[in-house]
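Source file entry_3.txt; content: compact mmCIF, C-alpha atoms (C1' of nucleotides) and all ligand atoms.
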```
# COMPACT_ATOMS: atom_id res chain seq x y z
CA MET A 1 -206.39 1.78 15.53
CA ALA A 2 -206.58 5.14 17.29
CA LYS A 3 -202.93 5.64 18.05
CA ARG A 4 -202.16 8.32 20.63
CA LEU A 5 -200.83 11.65 19.42
CA PRO A 6 -197.04 11.53 19.52
CA GLU A 7 -195.71 12.49 22.95
CA GLY A 8 -195.83 16.18 23.49
CA TRP A 9 -197.48 17.38 20.26
CA LEU A 10 -200.37 19.00 22.12
CA ARG A 11 -198.04 20.50 24.66
CA ARG A 12 -195.64 21.78 21.98
CA ILE A 13 -198.47 23.48 20.15
CA GLN A 14 -199.99 25.15 23.19
CA LEU A 15 -196.66 26.17 24.66
CA ALA A 16 -195.91 27.87 21.36
CA GLY A 17 -199.07 29.92 21.98
CA TYR A 18 -201.37 28.26 19.47
CA ARG A 19 -204.95 27.24 20.19
CA LEU A 20 -206.03 23.63 20.01
CA THR A 21 -209.08 23.85 17.75
CA ARG A 22 -211.25 21.10 16.33
CA PRO A 23 -209.95 21.56 12.77
CA ARG A 24 -206.37 21.38 14.01
CA GLN A 25 -207.07 18.30 16.07
CA ALA A 26 -208.46 16.58 12.99
CA VAL A 27 -205.33 17.32 10.95
CA LEU A 28 -203.04 16.43 13.86
CA GLY A 29 -204.78 13.10 14.30
CA VAL A 30 -204.36 12.17 10.65
CA LEU A 31 -200.67 13.00 10.59
CA ALA A 32 -200.10 11.27 13.91
CA GLU A 33 -201.59 8.01 12.68
CA SER A 34 -200.02 7.73 9.25
CA GLU A 35 -196.82 5.80 8.80
CA VAL A 36 -196.55 6.91 5.19
CA ALA A 37 -196.19 10.38 3.73
CA LEU A 38 -199.44 12.00 2.63
CA THR A 39 -200.37 14.55 0.01
CA VAL A 40 -202.30 17.61 1.11
CA ALA A 41 -205.40 16.29 -0.64
CA GLU A 42 -205.12 12.98 1.20
CA VAL A 43 -204.71 14.71 4.56
CA HIS A 44 -207.80 16.74 3.76
CA ARG A 45 -209.79 13.67 2.77
CA ARG A 46 -208.88 11.75 5.91
CA ALA A 47 -209.27 14.66 8.30
CA ARG A 48 -212.77 15.33 6.97
CA ALA A 49 -213.78 11.94 8.35
CA ARG A 50 -213.11 13.48 11.76
CA TYR A 51 -214.41 16.98 11.12
CA PRO A 52 -216.45 17.28 7.94
CA ARG A 53 -216.57 21.09 7.79
CA LEU A 54 -212.79 21.22 7.51
CA GLY A 55 -211.56 23.49 4.72
CA LEU A 56 -208.55 22.83 2.55
CA VAL A 57 -207.07 26.19 3.51
CA THR A 58 -206.89 25.11 7.12
CA VAL A 59 -205.11 21.93 6.12
CA TYR A 60 -202.44 24.01 4.41
CA ARG A 61 -202.20 26.35 7.39
CA THR A 62 -201.97 23.54 9.91
CA LEU A 63 -199.36 21.68 7.89
CA ASP A 64 -197.27 24.85 7.72
CA LEU A 65 -197.65 25.19 11.47
CA LEU A 66 -196.55 21.62 12.11
CA VAL A 67 -193.59 22.01 9.80
CA SER A 68 -192.55 25.27 11.47
CA LEU A 69 -192.71 23.54 14.86
CA GLY A 70 -190.58 20.73 13.48
CA LEU A 71 -193.24 18.10 14.13
CA VAL A 72 -193.74 17.23 10.47
CA HIS A 73 -191.45 16.93 7.46
CA ARG A 74 -192.37 18.45 4.11
CA LEU A 75 -190.92 16.44 1.22
CA PRO A 76 -191.02 17.44 -2.43
CA ALA A 77 -192.66 14.61 -4.38
CA GLU A 78 -191.29 13.31 -7.67
CA THR A 79 -194.52 14.20 -9.42
CA GLY A 80 -194.75 17.75 -8.08
CA GLY A 81 -196.53 18.92 -4.95
CA GLN A 82 -195.46 18.07 -1.43
CA LEU A 83 -195.76 15.13 0.92
CA TYR A 84 -196.09 15.37 4.69
CA ILE A 85 -195.05 12.94 7.39
CA ARG A 86 -194.37 13.22 11.12
CA THR A 87 -190.76 13.68 12.11
CA ASP A 88 -191.29 11.78 15.29
CA LEU A 89 -187.99 11.00 16.91
CA GLN A 90 -185.87 10.53 13.82
CA PRO A 91 -183.09 13.04 13.24
CA PRO A 92 -183.65 15.45 10.36
CA SER A 93 -181.83 14.18 7.32
CA HIS A 94 -182.79 12.92 3.87
CA HIS A 95 -185.51 10.59 2.75
CA LEU A 96 -186.02 7.38 0.89
CA ILE A 97 -189.60 7.30 -0.36
CA CYS A 98 -191.56 4.30 -1.65
CA ARG A 99 -192.96 5.16 -5.07
CA VAL A 100 -196.04 3.02 -4.46
CA CYS A 101 -197.21 3.57 -0.89
CA HIS A 102 -195.20 6.64 0.16
CA ARG A 103 -193.62 4.94 3.11
CA VAL A 104 -190.60 7.02 4.15
CA VAL A 105 -187.39 6.14 5.90
CA GLU A 106 -184.80 8.67 6.88
CA ILE A 107 -181.27 8.21 5.68
CA PRO A 108 -178.02 9.85 6.68
CA CYS A 109 -176.06 11.65 4.00
CA THR A 110 -172.85 9.83 4.75
CA GLY A 111 -170.13 10.85 2.39
CA LEU A 112 -171.81 13.99 1.09
CA GLU A 113 -169.66 16.25 3.28
CA GLU A 114 -166.43 15.09 1.72
CA MET A 115 -168.04 15.12 -1.72
CA THR A 116 -169.05 18.74 -1.11
CA HIS A 117 -165.52 19.76 -0.18
CA GLU A 118 -164.15 18.14 -3.29
CA ILE A 119 -166.72 19.93 -5.43
CA GLU A 120 -165.91 23.30 -3.87
CA GLN A 121 -162.24 22.79 -4.71
CA VAL A 122 -162.92 21.84 -8.30
CA THR A 123 -165.65 24.35 -9.14
CA GLY A 124 -164.87 27.37 -7.00
CA PHE A 125 -168.48 27.49 -5.87
CA ALA A 126 -169.37 28.00 -2.23
CA VAL A 127 -171.80 25.16 -1.56
CA GLN A 128 -174.53 26.29 0.81
CA GLY A 129 -177.02 23.46 0.81
CA HIS A 130 -178.28 20.39 -0.90
CA TRP A 131 -181.32 18.34 -1.70
CA LEU A 132 -181.05 14.58 -1.63
CA GLU A 133 -184.00 12.29 -2.08
CA LEU A 134 -184.01 8.58 -2.93
CA PHE A 135 -186.89 6.76 -4.59
CA GLY A 136 -187.66 3.05 -4.74
CA LEU A 137 -189.85 0.28 -3.38
CA CYS A 138 -190.33 -0.57 0.28
CA PRO A 139 -190.03 -4.25 1.28
CA THR A 140 -193.81 -4.70 1.25
CA CYS A 141 -194.46 -3.16 -2.16
CA ARG A 142 -191.44 -5.00 -3.47
CA GLU A 143 -192.97 -8.36 -2.49
CA GLU A 144 -196.31 -7.31 -3.90
CA ARG A 145 -194.61 -6.56 -7.19
CA GLU A 146 -192.97 -10.01 -7.36
CA LYS A 147 -196.27 -11.88 -7.31
CA MET B 148 -172.56 37.41 -29.48
CA ALA B 149 -174.58 35.16 -31.78
CA LYS B 150 -173.06 31.82 -30.87
CA ARG B 151 -173.76 28.97 -33.28
CA LEU B 152 -176.36 26.40 -32.34
CA PRO B 153 -174.61 23.51 -30.61
CA GLU B 154 -173.33 20.91 -33.09
CA GLY B 155 -176.10 18.81 -34.42
CA TRP B 156 -179.16 20.32 -32.72
CA LEU B 157 -180.87 21.09 -36.00
CA ARG B 158 -179.97 17.71 -37.41
CA ARG B 159 -181.14 15.89 -34.29
CA ILE B 160 -184.49 17.62 -34.41
CA GLN B 161 -185.13 16.98 -38.07
CA LEU B 162 -183.89 13.39 -37.96
CA ALA B 163 -186.36 12.80 -35.14
CA GLY B 164 -189.06 13.90 -37.59
CA TYR B 165 -189.79 17.33 -36.18
CA ARG B 166 -190.19 20.43 -38.28
CA LEU B 167 -187.88 23.37 -37.91
CA THR B 168 -190.28 26.26 -37.46
CA ARG B 169 -189.63 29.93 -36.71
CA PRO B 170 -190.98 29.70 -33.15
CA ARG B 171 -188.79 26.69 -32.46
CA GLN B 172 -185.74 28.39 -33.89
CA ALA B 173 -186.30 31.31 -31.55
CA VAL B 174 -186.46 29.08 -28.47
CA LEU B 175 -183.54 26.98 -29.66
CA GLY B 176 -181.42 30.06 -30.17
CA VAL B 177 -182.08 31.33 -26.66
CA LEU B 178 -181.21 28.02 -25.04
CA ALA B 179 -178.17 27.64 -27.22
CA GLU B 180 -176.74 30.98 -26.15
CA SER B 181 -177.32 30.89 -22.42
CA GLU B 182 -174.64 29.64 -20.10
CA VAL B 183 -176.98 29.85 -17.11
CA ALA B 184 -180.20 28.01 -16.46
CA LEU B 185 -183.33 29.94 -17.42
CA THR B 186 -186.90 29.95 -16.18
CA VAL B 187 -189.67 29.38 -18.70
CA ALA B 188 -190.69 33.02 -18.40
CA GLU B 189 -187.15 34.16 -19.11
CA VAL B 190 -186.89 31.90 -22.15
CA HIS B 191 -190.15 33.37 -23.39
CA ARG B 192 -188.99 36.94 -22.82
CA ARG B 193 -185.71 36.42 -24.66
CA ALA B 194 -187.16 34.38 -27.49
CA ARG B 195 -189.73 37.09 -28.19
CA ALA B 196 -186.88 39.39 -29.10
CA ARG B 197 -186.32 37.03 -32.02
CA TYR B 198 -189.91 36.22 -32.86
CA PRO B 199 -192.40 38.56 -31.18
CA ARG B 200 -195.55 36.55 -31.92
CA LEU B 201 -194.17 33.61 -29.91
CA GLY B 202 -196.66 32.20 -27.44
CA LEU B 203 -195.81 30.88 -24.02
CA VAL B 204 -197.45 27.56 -24.84
CA THR B 205 -194.97 26.98 -27.61
CA VAL B 206 -192.11 27.69 -25.24
CA TYR B 207 -193.38 24.92 -22.97
CA ARG B 208 -193.84 22.58 -25.88
CA THR B 209 -190.42 23.26 -27.33
CA LEU B 210 -188.71 22.87 -23.97
CA ASP B 211 -190.44 19.51 -23.50
CA LEU B 212 -189.24 18.52 -26.95
CA LEU B 213 -185.66 19.52 -26.23
CA VAL B 214 -185.71 17.68 -22.92
CA SER B 215 -187.12 14.55 -24.55
CA LEU B 216 -184.36 14.67 -27.16
CA GLY B 217 -181.81 15.01 -24.38
CA LEU B 218 -180.58 18.38 -25.64
CA VAL B 219 -181.67 20.32 -22.57
CA HIS B 220 -181.77 19.58 -18.83
CA ARG B 221 -184.82 20.36 -16.74
CA LEU B 222 -183.87 21.20 -13.16
CA PRO B 223 -186.32 21.71 -10.33
CA ALA B 224 -185.64 25.13 -8.79
CA GLU B 225 -185.51 25.68 -5.04
CA THR B 226 -188.32 28.18 -5.28
CA GLY B 227 -190.64 25.98 -7.33
CA GLY B 228 -190.95 25.93 -11.09
CA GLN B 229 -188.25 24.60 -13.38
CA LEU B 230 -185.00 25.79 -14.90
CA TYR B 231 -183.70 24.84 -18.33
CA ILE B 232 -180.16 24.64 -19.61
CA ARG B 233 -178.52 22.90 -22.53
CA THR B 234 -176.87 19.57 -21.80
CA ASP B 235 -174.23 20.20 -24.38
CA LEU B 236 -171.43 17.71 -24.09
CA GLN B 237 -171.45 17.22 -20.35
CA PRO B 238 -172.48 13.78 -19.11
CA PRO B 239 -175.87 13.60 -17.44
CA SER B 240 -175.43 13.77 -13.70
CA HIS B 241 -176.38 16.14 -10.92
CA HIS B 242 -176.23 19.89 -10.66
CA LEU B 243 -174.77 22.60 -8.55
CA ILE B 244 -176.81 25.74 -9.12
CA CYS B 245 -175.84 29.32 -8.23
CA ARG B 246 -178.64 30.81 -6.14
CA VAL B 247 -177.99 34.26 -7.58
CA CYS B 248 -177.33 33.92 -11.32
CA HIS B 249 -178.45 30.33 -12.00
CA ARG B 250 -175.12 29.30 -13.42
CA VAL B 251 -175.01 25.50 -13.40
CA VAL B 252 -172.15 23.06 -13.19
CA GLU B 253 -172.60 19.34 -13.43
CA ILE B 254 -171.23 17.19 -10.68
CA PRO B 255 -170.64 13.47 -10.45
CA CYS B 256 -172.40 11.59 -7.67
CA THR B 257 -169.25 9.94 -6.45
CA GLY B 258 -169.91 7.83 -3.43
CA LEU B 259 -173.67 7.67 -3.86
CA GLU B 260 -173.52 4.18 -5.31
CA GLU B 261 -171.92 2.67 -2.25
CA MET B 262 -174.20 4.74 -0.03
CA THR B 263 -177.17 3.33 -1.94
CA HIS B 264 -176.03 -0.25 -1.43
CA GLU B 265 -175.61 0.32 2.27
CA ILE B 266 -179.07 1.83 2.50
CA GLU B 267 -180.64 -1.10 0.64
CA GLN B 268 -179.06 -3.51 3.11
CA VAL B 269 -180.27 -1.59 6.14
CA THR B 270 -183.78 -0.66 4.99
CA GLY B 271 -184.79 -3.53 2.72
CA PHE B 272 -185.93 -0.99 0.11
CA ALA B 273 -185.03 -1.46 -3.55
CA VAL B 274 -183.54 1.91 -4.46
CA GLN B 275 -184.52 2.86 -8.00
CA GLY B 276 -183.42 6.43 -8.36
CA HIS B 277 -182.35 9.60 -6.65
CA TRP B 278 -182.42 13.31 -6.81
CA LEU B 279 -179.37 15.27 -5.82
CA GLU B 280 -179.07 18.99 -6.22
CA LEU B 281 -176.55 21.33 -4.61
CA PHE B 282 -177.09 25.05 -4.10
CA GLY B 283 -174.58 27.79 -3.48
CA LEU B 284 -172.72 30.71 -5.00
CA CYS B 285 -170.64 30.61 -8.15
CA PRO B 286 -167.17 32.22 -8.01
CA THR B 287 -168.44 35.43 -9.63
CA CYS B 288 -171.44 35.95 -7.38
CA ARG B 289 -169.28 35.00 -4.43
CA GLU B 290 -166.86 37.83 -5.19
CA GLU B 291 -169.73 40.21 -5.78
CA ARG B 292 -171.06 39.31 -2.33
CA GLU B 293 -167.74 40.06 -0.66
CA LYS B 294 -167.64 43.65 -1.81
C1' DC C 295 -219.18 29.72 35.37
C1' DC C 296 -219.30 32.89 31.75
C1' DC C 297 -217.49 36.47 28.99
C1' DC C 298 -214.44 38.60 25.86
C1' DC C 299 -211.51 39.00 22.07
C1' DA C 300 -207.35 37.73 19.62
C1' DA C 301 -206.67 33.69 17.31
C1' DC C 302 -208.70 31.00 14.19
C1' DT C 303 -211.94 29.48 10.61
C1' DG C 304 -214.07 28.49 5.73
C1' DA C 305 -215.65 30.50 1.32
C1' DA C 306 -214.35 32.74 -2.41
C1' DA C 307 -211.41 35.04 -5.15
C1' DC C 308 -206.75 35.19 -6.64
C1' DT C 309 -202.03 33.82 -8.30
C1' DG C 310 -198.50 31.51 -10.97
C1' DA C 311 -197.23 27.54 -13.36
C1' DT C 312 -198.57 24.36 -16.60
C1' DT C 313 -202.00 21.78 -19.77
C1' DT C 314 -205.80 21.18 -22.95
C1' DT C 315 -208.56 22.48 -26.78
C1' DC C 316 -209.32 24.09 -31.14
C1' DA C 317 -209.48 26.68 -35.36
C1' DG C 318 -206.17 28.55 -38.30
C1' DT C 319 -201.15 28.50 -40.25
C1' DT C 320 -196.96 26.57 -42.25
C1' DA C 321 -192.88 23.57 -43.31
C1' DT C 322 -191.95 19.93 -46.03
C1' DC C 323 -192.32 16.61 -49.73
C1' DA C 324 -194.40 14.48 -53.79
C1' DT D 325 -196.92 24.15 -56.78
C1' DG D 326 -200.09 21.83 -53.92
C1' DA D 327 -201.57 18.69 -50.20
C1' DT D 328 -201.46 17.78 -45.62
C1' DA D 329 -199.78 16.44 -41.21
C1' DA D 330 -197.27 18.96 -38.03
C1' DC D 331 -197.37 22.96 -35.77
C1' DT D 332 -199.07 27.36 -33.92
C1' DG D 333 -201.28 31.05 -30.59
C1' DA D 334 -205.43 32.44 -27.99
C1' DA D 335 -208.32 31.28 -24.67
C1' DA D 336 -210.02 28.48 -21.30
C1' DA D 337 -209.08 24.83 -17.96
C1' DT D 338 -206.46 22.77 -14.31
C1' DC D 339 -203.67 22.40 -10.26
C1' DA D 340 -201.18 23.71 -6.09
C1' DG D 341 -201.03 27.09 -3.10
C1' DT D 342 -202.10 32.01 -1.09
C1' DT D 343 -204.77 36.08 0.22
C1' DT D 344 -208.81 38.35 1.94
C1' DC D 345 -212.39 38.96 4.87
C1' DA D 346 -216.48 38.48 7.59
C1' DG D 347 -217.93 35.37 10.95
C1' DT D 348 -216.70 31.78 14.82
C1' DT D 349 -214.49 29.99 18.93
C1' DG D 350 -210.92 28.40 22.51
C1' DG D 351 -209.51 29.43 26.77
C1' DG D 352 -207.46 32.86 30.19
C1' DG D 353 -209.36 36.64 33.25
C1' DG D 354 -213.03 38.26 35.99
MN MN A 401 -177.65 16.27 4.05
MN MN A 402 -176.65 10.23 -9.56
ZN ZN A 403 -194.34 0.80 -0.39
ZN ZN A 404 -173.70 33.12 -9.80
```
Spell out the structure here as structure tokens.
Ligand SMILES: [Mn+2]
Ligand SMILES: [Mn+2]
Ligand SMILES: [Zn+2]
Ligand SMILES: [Zn+2]
Amino acid sequence: MAKRLPEGWLRRIQLAGYRLTRPRQAVLGVLAESEVALTVAEVHRRARARYPRLGLVTVYRTLDLLVSLGLVHRLPAETGGQLYIRTDLQPPSHHLICRVCHRVVEIPCTGLEEMTHEIEQVTGFAVQGHWLELFGLCPTCREEREK
Amino acid sequence: MAKRLPEGWLRRIQLAGYRLTRPRQAVLGVLAESEVALTVAEVHRRARARYPRLGLVTVYRTLDLLVSLGLVHRLPAETGGQLYIRTDLQPPSHHLICRVCHRVVEIPCTGLEEMTHEIEQVTGFAVQGHWLELFGLCPTCREEREK
DNA sequence: CCCCCAACTGAAACTGATTTTCAGTTATCA
DNA sequence: TGATAACTGAAAATCAGTTTCAGTTGGGGG
């Protein structure tokens, strides 16, 4: 079950001048192994299995670090708070999140560019950015539901 | 400046079995008169001008009430927290929010339906809902910026 | 190999937004 | 004009996240 840290995470972190401490390694390991997006509390819970002294503050700090290095995505959750999941090799885009298990797939925002142009024409606004998030059920949770 | 309460607000509230109290009237009046989306704190500040004893808790409660009756939209703000603005006659849809003054225009999500179908095919997810929010500058704030 | 010290840590206190609790007030209707 | 269920504000609680600070430690230099 102990999947390797994604290629280059350790290198990325040290090259950026950060130290590779035990608390960080615990958080890194948890993020590296999860295929679904995790809440901060869940990251804390899991990482404590690897390093029991780990404080919640350090989880927040390490998640911020990983996000700033582009290794992890931060997604606003429907219910408030944030979810975290490794970016891995997928291009940054938008997310489709399973409401049950928090599995995440990235989706392109095909068509939004033209939509944006149209909206600028009609409204006179200068559109500077957008938020797009889709919610639903992943294939697995969908099956589960049908039983 | 004292614009009338939008057609039917009072009726809607009483028909739904709610009482029309002074604190509620203060909050209602503020929402009714604002053309831009307001934070809870701002609603509180303005409503106190009409009814100084008004507590913040009642602002929250009244906003929840108005949202549940469909009279007011609750929009997640980029910076955390929520913004509130009357739904008025516009159809429920998505929002384009001015980053400076919080003016809001509603936008249709043209093209998202087909996009959704495509995504369901590719990912196997059942898409149940989405969040789309655009951010930018309204014509006025845009001009202001240019000076 | 070990030492040094800036980077890093956890505890605790803090913040800002929102919710819960509860004892007192009030809008409405018989 | 009551009676009373709905409603209220104050205060305390909760929840996510941040700040502070005194103590700890990874890892490059000697
Ligand atoms: Mn996009
Ligand atoms: Mn839509
Ligand atoms: Zn799922
Ligand atoms: Zn504006």
- Pick out the residues no farther than 8 Å from ligand MN 401 (chain A), counting only C-alpha atoms (C1' of nucleotides) and all ligand atoms, and list them as a list in words.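 Sorted by chain and then by number, the residues are Ser93, His94, Pro108, Cys109, Leu112, Gly129, His130, Trp131 and Leu132 of chain A.
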- Item | Shell of 8 Å around ligand ZN 404 (chain A) (only C-alpha atoms (C1' of nucleotides) and all ligand atoms), written as a PyMOL selection string | chain B and resi 245-250+284-289
- Task: Just the residues within 9 Å of A:Gly55, please, counting all atoms listed in the file, with nothing from its chain fewer than 2 positions along; format it as a list in words.
- Result: Pro23, His44, Arg48, Pro52, Arg53, Val57, Thr58 and Val59 of chain A; DT303, DG304 and DA305 of chain C
- Message: Can you measure atom CA of B:Ile266 to atom CA of A:Gln128 for me? One decimal in Å is fine.
- Response: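 Atom CA of A:Gln128 lies at a distance of 24.9 Å from atom CA of B:Ile266.
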- Nearby residues, (-180.3, 21.8, -36.9) file frame, 12 Å, only C-alpha atoms (C1' of nucleotides), as a ChimeraX atom specification: /B:151-168,171-172,175-176,179,218
- Task: Work out how far apart atom CA of B:Leu201 and atom CA of B:Val251 are and give it in Å to one decimal.
- Result: 26.6 Å
- Query: atom CA of B:Val174 to atom CA of B:Ala194: how many Å, to one decimal?
  - Reply: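 Between these atoms lies a distance of 5.4 Å.
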- Message: Taking all atoms listed in the file into account, find every residue of chain D that has an atom no more than 9 Å from chain A, and write it out as a list in words.
- Response: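 Listing them in order of chain and number gives DA340, DG341, DT342, DT349, DG350 and DG351 of chain D.
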With a distance cut-off of 9 Å and all atoms listed in the file, select the neighbouring residues of B:Leu230, excluding the residue or stretch itself and same-chain residues fewer than 3 positions from it, and output the selection as a compact mmCIF listing (two decimals) with C-alpha atoms, keeping the file's coordinate frame.
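Here's the written file selection.txt:
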```txt
# COMPACT_ATOMS: atom_id res chain seq x y z
CA ALA B 184 -180.20 28.01 -16.46
CA LEU B 185 -183.33 29.94 -17.42
CA THR B 186 -186.90 29.95 -16.18
CA VAL B 187 -189.67 29.38 -18.70
CA HIS B 220 -181.77 19.58 -18.83
CA ARG B 221 -184.82 20.36 -16.74
CA LEU B 222 -183.87 21.20 -13.16
CA PRO B 223 -186.32 21.71 -10.33
CA ALA B 224 -185.64 25.13 -8.79
CA HIS B 249 -178.45 30.33 -12.00
```
- Residue with smallest distance to chain B - pool A:Glu133, A:Glu118, A:Glu42, A:Glu78, counting all atoms listed in the file: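 Among the listed residues, A:Glu133 lies closest to chain B.
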- Query: Pick from A:Tyr84, A:Lys147, A:Thr79, A:Tyr51: nearest to chain B, with all atoms listed in the file counted?
  - Reply: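 Of A:Tyr84, A:Lys147, A:Thr79, A:Tyr51, the one nearest chain B is A:Thr79, counting all atoms listed in the file.
Candidate residues C:DA307, C:DC298, C:DC323, C:DC316 were compared for distance to D:DT332, and the nearest is C:DC316, using all atoms listed in the file.
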Could you pull stretch 221-232 of chain B out of the block above and save it with N, CA and C atoms, as a PDB file, in the first residue's frame?
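So the final result, stored in selection.pdb, reads:
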```
ATOM      1  N   ARG B 221     -27.735  33.930  -1.991  1.00  0.00           N
ATOM      2  CA  ARG B 221     -26.527  33.854  -1.180  1.00  0.00           C
ATOM      3  C   ARG B 221     -25.388  33.448  -2.107  1.00  0.00           C
ATOM      4  N   LEU B 222     -24.373  34.302  -2.191  1.00  0.00           N
ATOM      5  CA  LEU B 222     -23.248  34.022  -3.081  1.00  0.00           C
ATOM      6  C   LEU B 222     -21.976  33.854  -2.277  1.00  0.00           C
ATOM      7  N   PRO B 223     -21.234  32.793  -2.511  1.00  0.00           N
ATOM      8  CA  PRO B 223     -19.948  32.669  -1.834  1.00  0.00           C
ATOM      9  C   PRO B 223     -19.001  33.734  -2.381  1.00  0.00           C
ATOM     10  N   ALA B 224     -18.326  34.456  -1.500  1.00  0.00           N
ATOM     11  CA  ALA B 224     -17.403  35.504  -1.936  1.00  0.00           C
ATOM     12  C   ALA B 224     -16.011  34.911  -2.124  1.00  0.00           C
ATOM     13  N   GLU B 225     -15.238  35.518  -3.007  1.00  0.00           N
ATOM     14  CA  GLU B 225     -13.885  35.019  -3.270  1.00  0.00           C
ATOM     15  C   GLU B 225     -13.046  34.967  -2.014  1.00  0.00           C
ATOM     16  N   THR B 226     -13.288  35.912  -1.135  1.00  0.00           N
ATOM     17  CA  THR B 226     -12.450  36.075   0.052  1.00  0.00           C
ATOM     18  C   THR B 226     -13.003  35.325   1.258  1.00  0.00           C
ATOM     19  N   GLY B 227     -13.937  34.425   1.045  1.00  0.00           N
ATOM     20  CA  GLY B 227     -14.579  33.746   2.162  1.00  0.00           C
ATOM     21  C   GLY B 227     -15.779  34.541   2.639  1.00  0.00           C
ATOM     22  N   GLY B 228     -16.644  33.917   3.410  1.00  0.00           N
ATOM     23  CA  GLY B 228     -17.871  34.586   3.814  1.00  0.00           C
ATOM     24  C   GLY B 228     -18.851  34.615   2.648  1.00  0.00           C
ATOM     25  N   GLN B 229     -20.000  35.220   2.878  1.00  0.00           N
ATOM     26  CA  GLN B 229     -21.061  35.188   1.884  1.00  0.00           C
ATOM     27  C   GLN B 229     -21.517  36.590   1.547  1.00  0.00           C
ATOM     28  N   LEU B 230     -22.125  36.731   0.384  1.00  0.00           N
ATOM     29  CA  LEU B 230     -22.720  37.988  -0.027  1.00  0.00           C
ATOM     30  C   LEU B 230     -24.198  37.741  -0.266  1.00  0.00           C
ATOM     31  N   TYR B 231     -25.012  38.780  -0.022  1.00  0.00           N
ATOM     32  CA  TYR B 231     -26.451  38.637  -0.191  1.00  0.00           C
ATOM     33  C   TYR B 231     -26.998  39.730  -1.078  1.00  0.00           C
ATOM     34  N   ILE B 232     -27.881  39.320  -1.987  1.00  0.00           N
ATOM     35  CA  ILE B 232     -28.510  40.299  -2.876  1.00  0.00           C
ATOM     36  C   ILE B 232     -29.881  39.770  -3.294  1.00  0.00           C
TER      37      ILE B 232
END
```
